[in-house]
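For reference, query-v7.cif is printed below; it contains mmCIF, C-alpha atoms and all ligand atoms.
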data_query
loop_
_atom_site.label_atom_id
_atom_site.label_comp_id
_atom_site.auth_asym_id
_atom_site.auth_seq_id
_atom_site.Cartn_x
_atom_site.Cartn_y
_atom_site.Cartn_z
CA MET A 1 -82.09 79.44 36.60
CA ARG A 2 -78.40 78.86 36.45
CA HIS A 3 -78.85 77.30 33.05
CA HIS A 4 -80.61 80.37 31.82
CA ALA A 5 -77.91 82.64 33.21
CA ASP A 6 -75.18 80.62 31.50
CA ARG A 7 -76.86 80.98 28.15
CA GLN A 8 -77.44 84.67 28.66
CA ASP A 9 -73.77 85.14 29.45
CA ALA A 10 -72.86 83.33 26.28
CA LYS A 11 -75.24 85.44 24.25
CA ASP A 12 -73.77 88.62 25.65
CA SER A 13 -70.12 87.73 25.15
CA SER A 14 -68.26 89.46 22.36
CA LEU A 15 -66.98 86.13 21.07
CA VAL A 16 -70.47 84.94 20.33
CA LYS A 17 -71.28 88.18 18.61
CA THR A 18 -68.36 87.86 16.24
CA THR A 19 -69.79 84.64 14.89
CA MET A 20 -73.28 85.90 14.26
CA PRO A 21 -73.74 86.17 10.53
CA ASN A 22 -73.47 89.59 8.98
CA PRO A 23 -75.19 90.49 5.73
CA PRO A 24 -73.22 89.33 2.68
CA ALA A 25 -70.45 91.70 1.73
CA ASP A 26 -72.29 93.01 -1.29
CA THR A 27 -75.27 94.29 0.69
CA ASP A 28 -75.72 97.67 2.26
CA SER A 29 -78.65 97.33 4.61
CA SER A 30 -78.36 100.95 5.71
CA THR A 31 -79.57 102.14 2.31
CA ARG A 32 -82.31 99.56 1.79
CA PRO A 33 -85.07 99.95 0.63
CA LYS A 34 -84.28 103.37 -0.86
CA THR A 35 -81.32 102.01 -2.85
CA LYS A 36 -81.54 102.59 -6.60
CA GLY A 37 -79.54 99.69 -8.00
CA PRO A 38 -80.11 96.06 -7.07
CA GLN A 39 -78.35 94.53 -4.08
CA VAL A 40 -76.58 91.51 -5.52
CA PHE A 41 -76.21 88.49 -3.25
CA ILE A 42 -75.02 85.92 -5.79
CA ASP A 43 -73.33 86.64 -9.11
CA LYS A 44 -71.55 83.73 -10.76
CA ARG A 45 -70.51 85.81 -13.77
CA THR A 46 -68.17 88.24 -12.09
CA LYS A 47 -66.85 86.56 -8.96
CA SER A 48 -64.60 83.68 -7.92
CA TRP A 49 -66.49 80.65 -6.60
CA TYR A 50 -65.04 77.68 -4.76
CA LYS A 51 -66.64 74.29 -4.14
CA GLY A 52 -66.18 72.68 -0.73
CA ASN A 53 -67.27 69.99 1.71
CA LEU A 54 -67.46 71.11 5.36
CA HIS A 55 -68.09 67.70 6.96
CA SER A 56 -65.90 64.66 6.35
CA HIS A 57 -64.54 61.59 8.19
CA SER A 58 -61.54 59.30 7.69
CA THR A 59 -59.90 56.33 9.44
CA LEU A 60 -58.98 58.76 12.25
CA SER A 61 -62.59 58.33 13.41
CA ASP A 62 -65.24 56.09 11.82
CA GLY A 63 -64.51 56.65 8.13
CA LYS A 64 -63.15 53.90 5.89
CA LEU A 65 -60.62 55.83 3.81
CA SER A 66 -57.37 57.37 5.05
CA PRO A 67 -57.08 61.17 5.20
CA GLN A 68 -54.84 61.00 2.14
CA GLN A 69 -57.43 58.97 0.20
CA VAL A 70 -60.27 61.30 1.16
CA ALA A 71 -58.29 64.40 0.20
CA THR A 72 -57.31 62.87 -3.15
CA LEU A 73 -60.92 61.84 -3.81
CA TYR A 74 -62.25 65.35 -3.31
CA ARG A 75 -59.41 67.11 -5.06
CA ASP A 76 -59.85 64.85 -8.09
CA HIS A 77 -63.57 65.65 -8.17
CA GLY A 78 -63.09 69.39 -8.50
CA TYR A 79 -63.39 70.47 -4.88
CA SER A 80 -61.34 73.48 -3.80
CA PHE A 81 -61.53 72.87 -0.06
CA LEU A 82 -62.37 70.17 2.46
CA ALA A 83 -62.86 70.14 6.24
CA PHE A 84 -61.96 66.94 8.09
CA THR A 85 -64.31 66.73 11.06
CA GLU A 86 -63.36 63.59 12.97
CA HIS A 87 -65.40 62.65 16.02
CA GLN A 88 -63.84 64.19 19.15
CA ARG A 89 -60.49 64.78 17.42
CA PHE A 90 -59.25 68.06 15.97
CA THR A 91 -57.05 67.73 12.90
CA PHE A 92 -55.30 69.94 10.40
CA HIS A 93 -53.75 67.97 7.56
CA SER A 94 -51.69 70.79 6.12
CA ASP A 95 -49.58 68.19 4.27
CA LEU A 96 -52.61 67.18 2.18
CA GLN A 97 -53.02 70.64 0.68
CA ALA A 98 -52.02 71.18 -2.94
CA PRO A 99 -52.20 73.99 -5.47
CA GLY A 100 -55.90 74.79 -5.85
CA PHE A 101 -56.91 72.69 -2.85
CA ILE A 102 -56.92 73.64 0.84
CA ILE A 103 -57.88 71.86 4.05
CA LEU A 104 -59.87 73.60 6.77
CA PRO A 105 -58.87 72.50 10.30
CA GLY A 106 -61.85 71.08 12.18
CA ILE A 107 -63.59 68.56 14.44
CA GLU A 108 -67.05 67.10 15.10
CA ARG A 109 -68.04 66.65 18.74
CA ASN A 110 -71.03 64.52 19.55
CA LYS A 111 -73.01 63.28 22.51
CA SER A 112 -76.36 61.59 23.11
CA PHE A 113 -78.92 62.70 25.66
CA GLY A 114 -81.98 61.47 27.47
CA ASP A 115 -84.73 58.96 26.93
CA PRO A 116 -85.95 58.83 24.23
CA LYS A 117 -82.44 59.39 22.99
CA ARG A 118 -81.52 62.39 20.92
CA TYR A 119 -78.15 63.59 19.73
CA PHE A 120 -76.05 66.68 19.67
CA HIS A 121 -73.44 66.74 16.88
CA ILE A 122 -71.58 69.92 16.19
CA ASN A 123 -68.67 70.96 13.96
CA GLY A 124 -65.96 73.36 15.02
CA ILE A 125 -63.98 74.74 12.07
CA LEU A 126 -61.05 77.07 12.67
CA GLY A 127 -62.34 80.57 11.94
CA PRO A 128 -60.72 83.58 10.28
CA GLU A 129 -58.00 85.66 11.96
CA SER A 130 -60.50 87.93 13.70
CA MET A 131 -61.90 84.93 15.58
CA GLN A 132 -58.48 83.45 16.30
CA LYS A 133 -57.25 86.77 17.72
CA ALA A 134 -60.35 87.11 19.93
CA ALA A 135 -59.87 83.56 21.30
CA THR A 136 -59.44 83.25 25.06
CA ARG A 137 -58.29 79.64 24.99
CA PRO A 138 -55.19 78.22 23.33
CA PRO A 139 -55.76 77.02 19.75
CA TYR A 140 -56.45 73.33 19.24
CA GLU A 141 -53.55 71.26 17.96
CA HIS A 142 -53.42 68.65 15.20
CA MET A 143 -54.64 65.27 16.53
CA GLN A 144 -55.81 66.78 19.82
CA ARG A 145 -58.60 64.70 21.40
CA LEU A 146 -61.52 66.64 22.82
CA PRO A 147 -63.83 64.29 24.70
CA MET A 148 -67.31 65.51 25.54
CA PRO A 149 -67.90 66.60 29.14
CA ASP A 150 -69.74 64.08 31.28
CA LEU A 151 -72.97 66.03 31.59
CA GLU A 152 -76.50 64.95 30.81
CA ASP A 153 -78.41 68.18 30.33
CA TYR A 154 -78.92 69.00 26.67
CA PRO A 155 -78.81 72.79 26.35
CA VAL A 156 -76.21 73.39 29.06
CA THR A 157 -73.78 70.81 27.68
CA GLY A 158 -74.43 71.86 24.10
CA GLN A 159 -73.91 75.52 24.90
CA ALA A 160 -70.73 74.73 26.82
CA ILE A 161 -69.27 73.01 23.76
CA VAL A 162 -70.31 75.83 21.46
CA ASP A 163 -68.77 78.37 23.83
CA GLU A 164 -65.55 76.37 24.05
CA PHE A 165 -65.33 76.25 20.25
CA LEU A 166 -65.85 80.00 20.03
CA GLN A 167 -63.32 80.66 22.78
CA SER A 168 -60.84 78.54 20.81
CA GLY A 169 -61.33 80.56 17.61
CA CYS A 170 -63.61 78.08 15.85
CA MET A 171 -66.79 78.77 13.95
CA VAL A 172 -69.65 76.45 14.79
CA MET A 173 -72.01 74.42 12.61
CA PHE A 174 -75.13 72.71 14.07
CA ASN A 175 -75.07 69.33 12.35
CA HIS A 176 -77.89 67.19 10.89
CA PRO A 177 -80.73 68.05 13.34
CA GLN A 178 -83.22 65.80 11.53
CA TRP A 179 -80.95 62.74 11.90
CA SER A 180 -80.27 63.72 15.53
CA TYR A 181 -83.99 63.76 16.48
CA ASN A 182 -83.59 67.38 17.50
CA SER A 183 -86.67 69.43 18.30
CA PHE A 184 -86.94 73.04 17.21
CA GLN A 185 -86.41 73.95 20.85
CA ASP A 186 -83.09 72.09 20.85
CA LEU A 187 -81.79 74.48 18.20
CA LEU A 188 -83.40 77.56 19.73
CA SER A 189 -81.94 76.81 23.16
CA ILE A 190 -78.35 77.01 21.90
CA ASN A 191 -76.68 80.18 20.65
CA GLY A 192 -73.52 80.96 18.71
CA TYR A 193 -73.61 78.68 15.63
CA PHE A 194 -73.21 80.38 12.28
CA ALA A 195 -75.01 77.70 10.25
CA VAL A 196 -77.40 74.77 10.40
CA GLU A 197 -76.45 71.74 8.33
CA ILE A 198 -79.63 71.64 6.23
CA PHE A 199 -78.52 68.74 4.03
CA ASN A 200 -76.39 65.79 5.19
CA TYR A 201 -75.77 63.31 2.39
CA THR A 202 -74.77 60.27 4.42
CA SER A 203 -78.01 60.59 6.43
CA VAL A 204 -79.94 60.70 3.17
CA MET A 205 -78.19 57.56 1.94
CA GLU A 206 -78.44 55.75 5.27
CA THR A 207 -81.94 56.50 6.54
CA GLY A 208 -83.53 59.27 4.47
CA ASN A 209 -83.13 61.65 7.42
CA GLY A 210 -80.72 64.12 5.85
CA LEU A 211 -82.89 67.13 5.10
CA SER A 212 -83.23 69.70 7.91
CA THR A 213 -84.60 72.82 6.23
CA ILE A 214 -87.59 72.63 8.58
CA HIS A 215 -85.25 73.16 11.55
CA TRP A 216 -83.49 76.00 9.73
CA ASP A 217 -86.81 77.78 9.12
CA ALA A 218 -87.72 77.34 12.79
CA VAL A 219 -84.53 79.21 13.75
CA LEU A 220 -85.10 81.86 11.07
CA ARG A 221 -88.73 82.36 12.12
CA SER A 222 -87.52 83.08 15.64
CA GLY A 223 -85.70 86.09 14.20
CA ARG A 224 -82.18 84.65 14.36
CA LYS A 225 -79.82 85.00 11.43
CA VAL A 226 -78.06 81.77 10.58
CA TRP A 227 -76.97 80.31 7.27
CA GLY A 228 -77.70 76.89 5.73
CA VAL A 229 -74.99 74.38 4.77
CA ALA A 230 -75.14 71.24 2.62
CA SER A 231 -72.40 68.67 3.15
CA ASP A 232 -71.52 65.00 2.71
CA ASP A 233 -70.52 63.80 6.20
CA ASN A 234 -68.85 61.10 4.14
CA HIS A 235 -67.63 57.94 5.86
CA ASN A 236 -67.01 56.05 2.60
CA ASN A 237 -67.99 52.69 4.06
CA ASN A 238 -69.26 51.72 0.64
CA ARG A 239 -66.85 50.20 -1.84
CA TYR A 240 -65.93 53.40 -3.53
CA GLY A 241 -65.99 53.25 -7.30
CA GLU A 242 -68.14 50.15 -7.61
CA ALA A 243 -71.66 51.29 -6.77
CA SER A 244 -72.13 54.99 -7.25
CA ALA A 245 -75.72 54.76 -6.03
CA GLU A 246 -74.34 53.93 -2.59
CA TRP A 247 -71.59 56.53 -2.32
CA ASP A 248 -71.86 59.04 0.48
CA SER A 249 -69.44 61.42 -1.22
CA PHE A 250 -70.31 64.25 -3.65
CA GLY A 251 -73.96 64.51 -2.63
CA GLY A 252 -74.11 67.96 -1.01
CA TRP A 253 -71.68 70.87 -1.00
CA VAL A 254 -71.26 74.61 -0.63
CA MET A 255 -70.26 77.09 -3.34
CA VAL A 256 -68.36 79.93 -1.70
CA ASN A 257 -67.72 83.35 -3.19
CA ALA A 258 -64.31 84.56 -2.05
CA ASP A 259 -61.53 86.85 -3.26
CA GLU A 260 -59.08 83.96 -3.30
CA LEU A 261 -58.71 80.35 -2.22
CA SER A 262 -57.27 80.78 1.27
CA HIS A 263 -58.35 79.78 4.75
CA GLU A 264 -58.92 83.43 5.63
CA ALA A 265 -61.02 84.27 2.55
CA ILE A 266 -63.12 81.08 2.60
CA THR A 267 -63.92 81.15 6.32
CA SER A 268 -64.71 84.89 6.20
CA SER A 269 -67.15 84.32 3.34
CA LEU A 270 -68.73 81.38 5.16
CA LEU A 271 -69.29 83.52 8.25
CA SER A 272 -70.84 86.35 6.27
CA GLY A 273 -73.15 83.99 4.33
CA ASN A 274 -71.45 84.67 1.04
CA PHE A 275 -72.17 81.20 -0.36
CA TYR A 276 -74.98 78.90 -1.38
CA SER A 277 -75.58 75.19 -0.85
CA THR A 278 -76.55 72.57 -3.41
CA THR A 279 -76.97 68.93 -4.34
CA GLY A 280 -76.67 69.74 -8.04
CA PRO A 281 -78.37 72.86 -9.46
CA GLU A 282 -76.40 76.09 -9.71
CA ILE A 283 -77.61 79.51 -8.64
CA HIS A 284 -76.15 82.05 -11.06
CA TYR A 285 -77.62 85.27 -9.76
CA LEU A 286 -79.69 86.52 -6.83
CA SER A 287 -80.65 90.12 -6.23
CA LEU A 288 -83.05 92.39 -4.41
CA ASP A 289 -84.12 95.50 -6.32
CA GLY A 290 -86.63 97.57 -4.41
CA ASN A 291 -89.30 95.02 -3.54
CA ARG A 292 -88.33 92.52 -6.23
CA VAL A 293 -86.29 89.41 -5.48
CA TYR A 294 -84.86 87.94 -8.67
CA VAL A 295 -82.99 84.67 -9.21
CA GLU A 296 -81.29 82.97 -12.16
CA CYS A 297 -80.17 79.33 -12.03
CA SER A 298 -79.34 76.27 -14.10
CA PRO A 299 -82.43 74.61 -15.69
CA VAL A 300 -84.81 73.45 -12.95
CA GLU A 301 -88.37 72.28 -12.64
CA ARG A 302 -89.43 74.63 -9.86
CA ILE A 303 -88.20 77.66 -7.95
CA TYR A 304 -89.45 78.39 -4.44
CA PHE A 305 -89.27 81.66 -2.54
CA CYS A 306 -89.50 80.60 1.11
CA THR A 307 -90.38 83.32 3.60
CA TYR A 308 -91.69 83.99 7.04
CA PHE A 309 -95.30 82.92 7.59
CA ARG A 310 -97.33 81.86 4.60
CA HIS A 311 -96.20 84.39 2.06
CA GLY A 312 -93.66 82.88 -0.25
CA TYR A 313 -94.14 81.77 -3.79
CA SER A 314 -93.64 78.80 -6.11
CA ARG A 315 -92.85 79.19 -9.79
CA CYS A 316 -92.79 76.55 -12.58
CA ASP A 317 -93.53 76.36 -16.30
CA ALA A 318 -97.18 75.61 -17.09
CA ALA A 319 -96.18 73.34 -19.97
CA GLY A 320 -93.75 71.41 -17.81
CA LYS A 321 -90.58 72.85 -19.36
CA THR A 322 -87.60 73.76 -17.25
CA ILE A 323 -87.15 77.34 -16.06
CA GLU A 324 -83.95 79.30 -15.41
CA SER A 325 -85.23 82.41 -13.63
CA ALA A 326 -88.03 83.71 -11.45
CA ASP A 327 -88.92 86.74 -9.41
CA TYR A 328 -90.97 87.52 -6.34
CA GLU A 329 -92.57 90.76 -5.28
CA LEU A 330 -92.20 91.37 -1.55
CA ARG A 331 -95.35 92.15 0.40
CA GLY A 332 -93.40 93.80 3.18
CA THR A 333 -93.88 91.39 6.09
CA GLU A 334 -91.67 88.49 5.00
CA LYS A 335 -88.78 89.10 7.47
CA TYR A 336 -86.60 86.92 5.26
CA VAL A 337 -86.63 85.35 1.81
CA ARG A 338 -84.59 82.37 0.74
CA VAL A 339 -84.66 80.60 -2.61
CA GLU A 340 -84.77 76.88 -3.43
CA CYS A 341 -84.20 75.70 -7.01
CA VAL A 342 -85.32 72.09 -7.57
CA ASP A 343 -84.44 70.19 -10.75
CA LYS A 344 -86.25 67.29 -12.40
CA ARG A 345 -84.21 64.72 -10.48
CA GLY A 346 -85.13 66.31 -7.15
CA ASN A 347 -81.74 67.92 -6.60
CA ILE A 348 -81.92 71.25 -4.80
CA ALA A 349 -79.90 74.47 -4.56
CA TRP A 350 -80.54 76.66 -1.50
CA SER A 351 -79.64 80.32 -1.33
CA ASN A 352 -78.94 81.82 2.05
CA PRO A 353 -81.72 84.04 3.39
CA ILE A 354 -82.02 87.69 2.44
CA PHE A 355 -82.93 89.30 5.75
CA LEU A 356 -85.42 92.12 5.44
CA ASP A 357 -85.29 93.65 8.90
ZN ZN B 1 -72.65 63.73 13.13
ZN ZN B 2 -70.03 63.50 10.93
#

Can you turn what I pasted into structure tokens?
Amino acid sequence: MRHHADRQDAKDSSLVKTTMPNPPADTDSSTRPKTKGPQVFIDKRTKSWYKGNLHSHSTLSDGKLSPQQVATLYRDHGYSFLAFTEHQRFTFHSDLQAPGFIILPGIERNKSFGDPKRYFHINGILGPESMQKAATRPPYEHMQRLPMPDLEDYPVTGQAIVDEFLQSGCMVMFNHPQWSYNSFQDLLSINGYFAVEIFNYTSVMETGNGLSTIHWDAVLRSGRKVWGVASDDNHNNNRYGEASAEWDSFGGWVMVNADELSHEAITSSLLSGNFYSTTGPEIHYLSLDGNRVYVECSPVERIYFCTYFRHGYSRCDAAGKTIESADYELRGTEKYVRVECVDKRGNIAWSNPIFLD
């Protein structure tokens, strides 16, 4: 009972509420579905977009490259921002920032539970000013170690860490549930994370366990509103530059729509779901006009509209050519619609869900 009460308290606290995703800035849910023009969720033609990796390791935990090397690697490959998320150690390498490249302060905390063993890995990334101002704990400092509490119960310990992150002004990402052997219930029993890591590249390269969209849908089907994030979780234990097929960098990333490249603008857009995730394809446009969801993307083999309970839709070209757009007519009971664009090599772009209630 106490466990339940703890979680309820967390759910009711204002800090948790500030991290729950809001509709993307372009939407106006109060006028839907009577709105005349389309609600635009993604528009690559008119907005500023920034590429970033929200999960990264260096020699400060179990990565092979120094923070300097990792930052240089990502900056040289066209990334605009990078979060270092060392195990149990918060860092902010402000000295590694450069014009057109920022670092997000962060940490990954992890613990294993039970028999058979399963894991709980979670990222805390310093949130925007609104979260920092609402914090009830002092902010974490560069190089501060944050060991996991010595508890064995999964949801209570997990929720305690999430709550501590939120109370310290950090936004929370539920990492690689498929790799961690997490059940749907594991994710549903913990509240306060803004996103599920739906694609983790190092898990793909290591064991083929990097895709967690099934866990994301389980959370979405429960009625909760969380976003999906693709990231590398790079450790760079390969010999970088010699065997690209074995790299664990540059496999999954987020494209964030923000007014400018700053910590405040990027983290605010992440919290409000104003981004998409990808392993290659680009989503150029996504809108909802009346009952019609419409998407444009780079050339792909197939476009999926994933929804609540057996509706959904799959679109491809009958002659096997690539397609660059598709639409879907809502039936009215979908609850949410999210889009996946899959190219001929199997690379995927995931939109965030459009929530319909
Ligand atoms: Zn991890
Ligand atoms: Zn990691």

(request) Between CA of Asn274 in chain A and CA of Ser168 in chain A, measure the distance and give it in Å to one decimal. (result) 23.3 Å

(message) Any residue with an atom at most 10 Å from ligand ZN 1 (chain B) counts, using all atoms listed in the file. Which are they? Put them as a PyMOL selection string.
(response) chain A and resi 55-57+85-87+108-111+119-123+174-177+179-180+200+202-203+233

(request) Would you mind reading off the distance between CA of Thr136 in chain A and CA of Gly192 in chain A, one decimal, in Å? (result) 15.6 Å

(request) Give me the residues within 12 Å of Tyr294 in chain A as a VMD selection string, counting all atoms listed in the file and dropping any in the same chain fewer than 5 places off. (result) chain A and resid 38 to 43 283 to 289 303 to 305 315 324 to 330 337 to 339 351 354

(request) Tell me which protein, DNA and RNA residues are within 10 Å of Asp186 in chain A, counting only C-alpha atoms, leaving out same-chain ones fewer than 2 positions away, and put them as a ChimeraX atom specification. (result) /A:118-120,154-155,158,177,181-184,188-190,215

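The nearest approach to His77 in chain A among the residues A:Trp216, A:Phe165, A:Phe101, A:Tyr336, with all atoms listed in the file taken into account, belongs to A:Phe101.
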
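CA of Lys335 in chain A is found 27.7 Å from CA of Trp49 in chain A.
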
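Using all atoms listed in the file, the shortest contact distance between ligand ZN 2 (chain B) and any of A:Leu54, A:Leu96, A:Cys316, A:Met148 is found at A:Leu54.
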
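The shortest atom-to-atom distance to ligand ZN 2 (chain B), with all atoms listed in the file taken into account, belongs to A:Ser61 out of A:Gln167, A:Ser61, A:Ser298, A:Thr91.
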
(request) Return the single residue from A:Leu211, A:Met171, A:Ala218, A:Cys341 that is closest to Ser269 in chain A, with distances computed using all atoms listed in the file. (result) A:Met171

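Within the 12 Å cut-off around Pro99 in chain A, using only C-alpha atoms and omitting residues fewer than 5 positions from it on the same chain, the listed residues are Arg75, Tyr79, Ser80, Phe81, Leu261 and Ser262 of chain A.
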
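Every protein or nucleic acid residue with an atom no more than 9 Å from Phe92 in chain A, counting all atoms listed in the file and leaving out same-chain residues fewer than 4 positions away, appears here: A:Ala83, A:Phe84, A:Ile103, A:Leu104, A:Pro105, A:Gly106, A:Glu141, A:His142, A:Met143.
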
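Comparing A:Gln68, A:Thr46, A:Asn53, A:Thr322 by their smallest distance to Leu270 in chain A, the closest is A:Asn53 (using only C-alpha atoms).
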
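Taking all atoms listed in the file into account, Lys133 in chain A lies nearest to A:Gly169 out of the set A:Gly169, A:Ile348, A:Pro116, A:Glu340.
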
Distance query Val172 in chain A at most 6 Å, all atoms listed in the file, self and fewer than 6 positions along chain excluded, as a CSV table (one decimal) with C-alpha atoms, keeping the file's coordinate frame:
chain,number,residue,atom,x,y,z
A,123,ASN,CA,-68.7,71.0,14.0
A,124,GLY,CA,-66.0,73.4,15.0
A,193,TYR,CA,-73.6,78.7,15.6
A,194,PHE,CA,-73.2,80.4,12.3

Can you patch up range 38-59 of chain A, filling it in to N, CA and C atoms, and show the result as a CSV table (one decimal), keeping the file's coordinate frame?
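Written output follows (out.csv):
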chain,number,residue,atom,x,y,z
A,38,PRO,N,-79.8,97.3,-7.8
A,38,PRO,CA,-80.1,96.1,-7.1
A,38,PRO,C,-79.0,95.7,-6.1
A,39,GLN,N,-79.4,95.1,-5.0
A,39,GLN,CA,-78.4,94.5,-4.1
A,39,GLN,C,-78.1,93.1,-4.6
A,40,VAL,N,-76.9,92.8,-4.9
A,40,VAL,CA,-76.6,91.5,-5.5
A,40,VAL,C,-76.0,90.6,-4.5
A,41,PHE,N,-76.6,89.4,-4.3
A,41,PHE,CA,-76.2,88.5,-3.2
A,41,PHE,C,-75.4,87.4,-3.9
A,42,ILE,N,-75.8,87.0,-5.1
A,42,ILE,CA,-75.0,85.9,-5.8
A,42,ILE,C,-74.8,86.4,-7.2
A,43,ASP,N,-73.6,86.3,-7.7
A,43,ASP,CA,-73.3,86.6,-9.1
A,43,ASP,C,-72.2,85.8,-9.6
A,44,LYS,N,-72.5,84.7,-10.3
A,44,LYS,CA,-71.6,83.7,-10.8
A,44,LYS,C,-70.7,84.3,-11.9
A,45,ARG,N,-71.2,85.3,-12.6
A,45,ARG,CA,-70.5,85.8,-13.8
A,45,ARG,C,-69.3,86.6,-13.5
A,46,THR,N,-69.3,87.3,-12.3
A,46,THR,CA,-68.2,88.2,-12.1
A,46,THR,C,-67.3,87.9,-10.9
A,47,LYS,N,-67.6,86.8,-10.2
A,47,LYS,CA,-66.8,86.6,-9.0
A,47,LYS,C,-66.2,85.2,-9.0
A,48,SER,N,-65.3,85.0,-8.0
A,48,SER,CA,-64.6,83.7,-7.9
A,48,SER,C,-65.4,82.8,-7.0
A,49,TRP,N,-65.7,81.6,-7.4
A,49,TRP,CA,-66.5,80.6,-6.6
A,49,TRP,C,-65.7,79.4,-6.4
A,50,TYR,N,-65.8,78.9,-5.1
A,50,TYR,CA,-65.0,77.7,-4.8
A,50,TYR,C,-66.0,76.6,-4.1
A,51,LYS,N,-65.8,75.4,-4.6
A,51,LYS,CA,-66.6,74.3,-4.1
A,51,LYS,C,-66.0,73.6,-2.9
A,52,GLY,N,-66.8,73.3,-1.9
A,52,GLY,CA,-66.2,72.7,-0.7
A,52,GLY,C,-67.1,71.8,0.0
A,53,ASN,N,-66.5,70.9,0.8
A,53,ASN,CA,-67.3,70.0,1.7
A,53,ASN,C,-66.8,70.3,3.2
A,54,LEU,N,-67.8,70.7,4.0
A,54,LEU,CA,-67.5,71.1,5.4
A,54,LEU,C,-67.6,70.0,6.4
A,55,HIS,N,-67.8,68.8,6.0
A,55,HIS,CA,-68.1,67.7,7.0
A,55,HIS,C,-67.6,66.4,6.4
A,56,SER,N,-66.5,65.8,7.0
A,56,SER,CA,-65.9,64.7,6.4
A,56,SER,C,-65.2,63.8,7.4
A,57,HIS,N,-65.2,62.5,7.2
A,57,HIS,CA,-64.5,61.6,8.2
A,57,HIS,C,-63.5,60.7,7.5
A,58,SER,N,-62.5,60.2,8.2
A,58,SER,CA,-61.5,59.3,7.7
A,58,SER,C,-61.3,58.2,8.7
A,59,THR,N,-60.2,57.4,8.5
A,59,THR,CA,-59.9,56.3,9.4
A,59,THR,C,-59.5,56.9,10.8
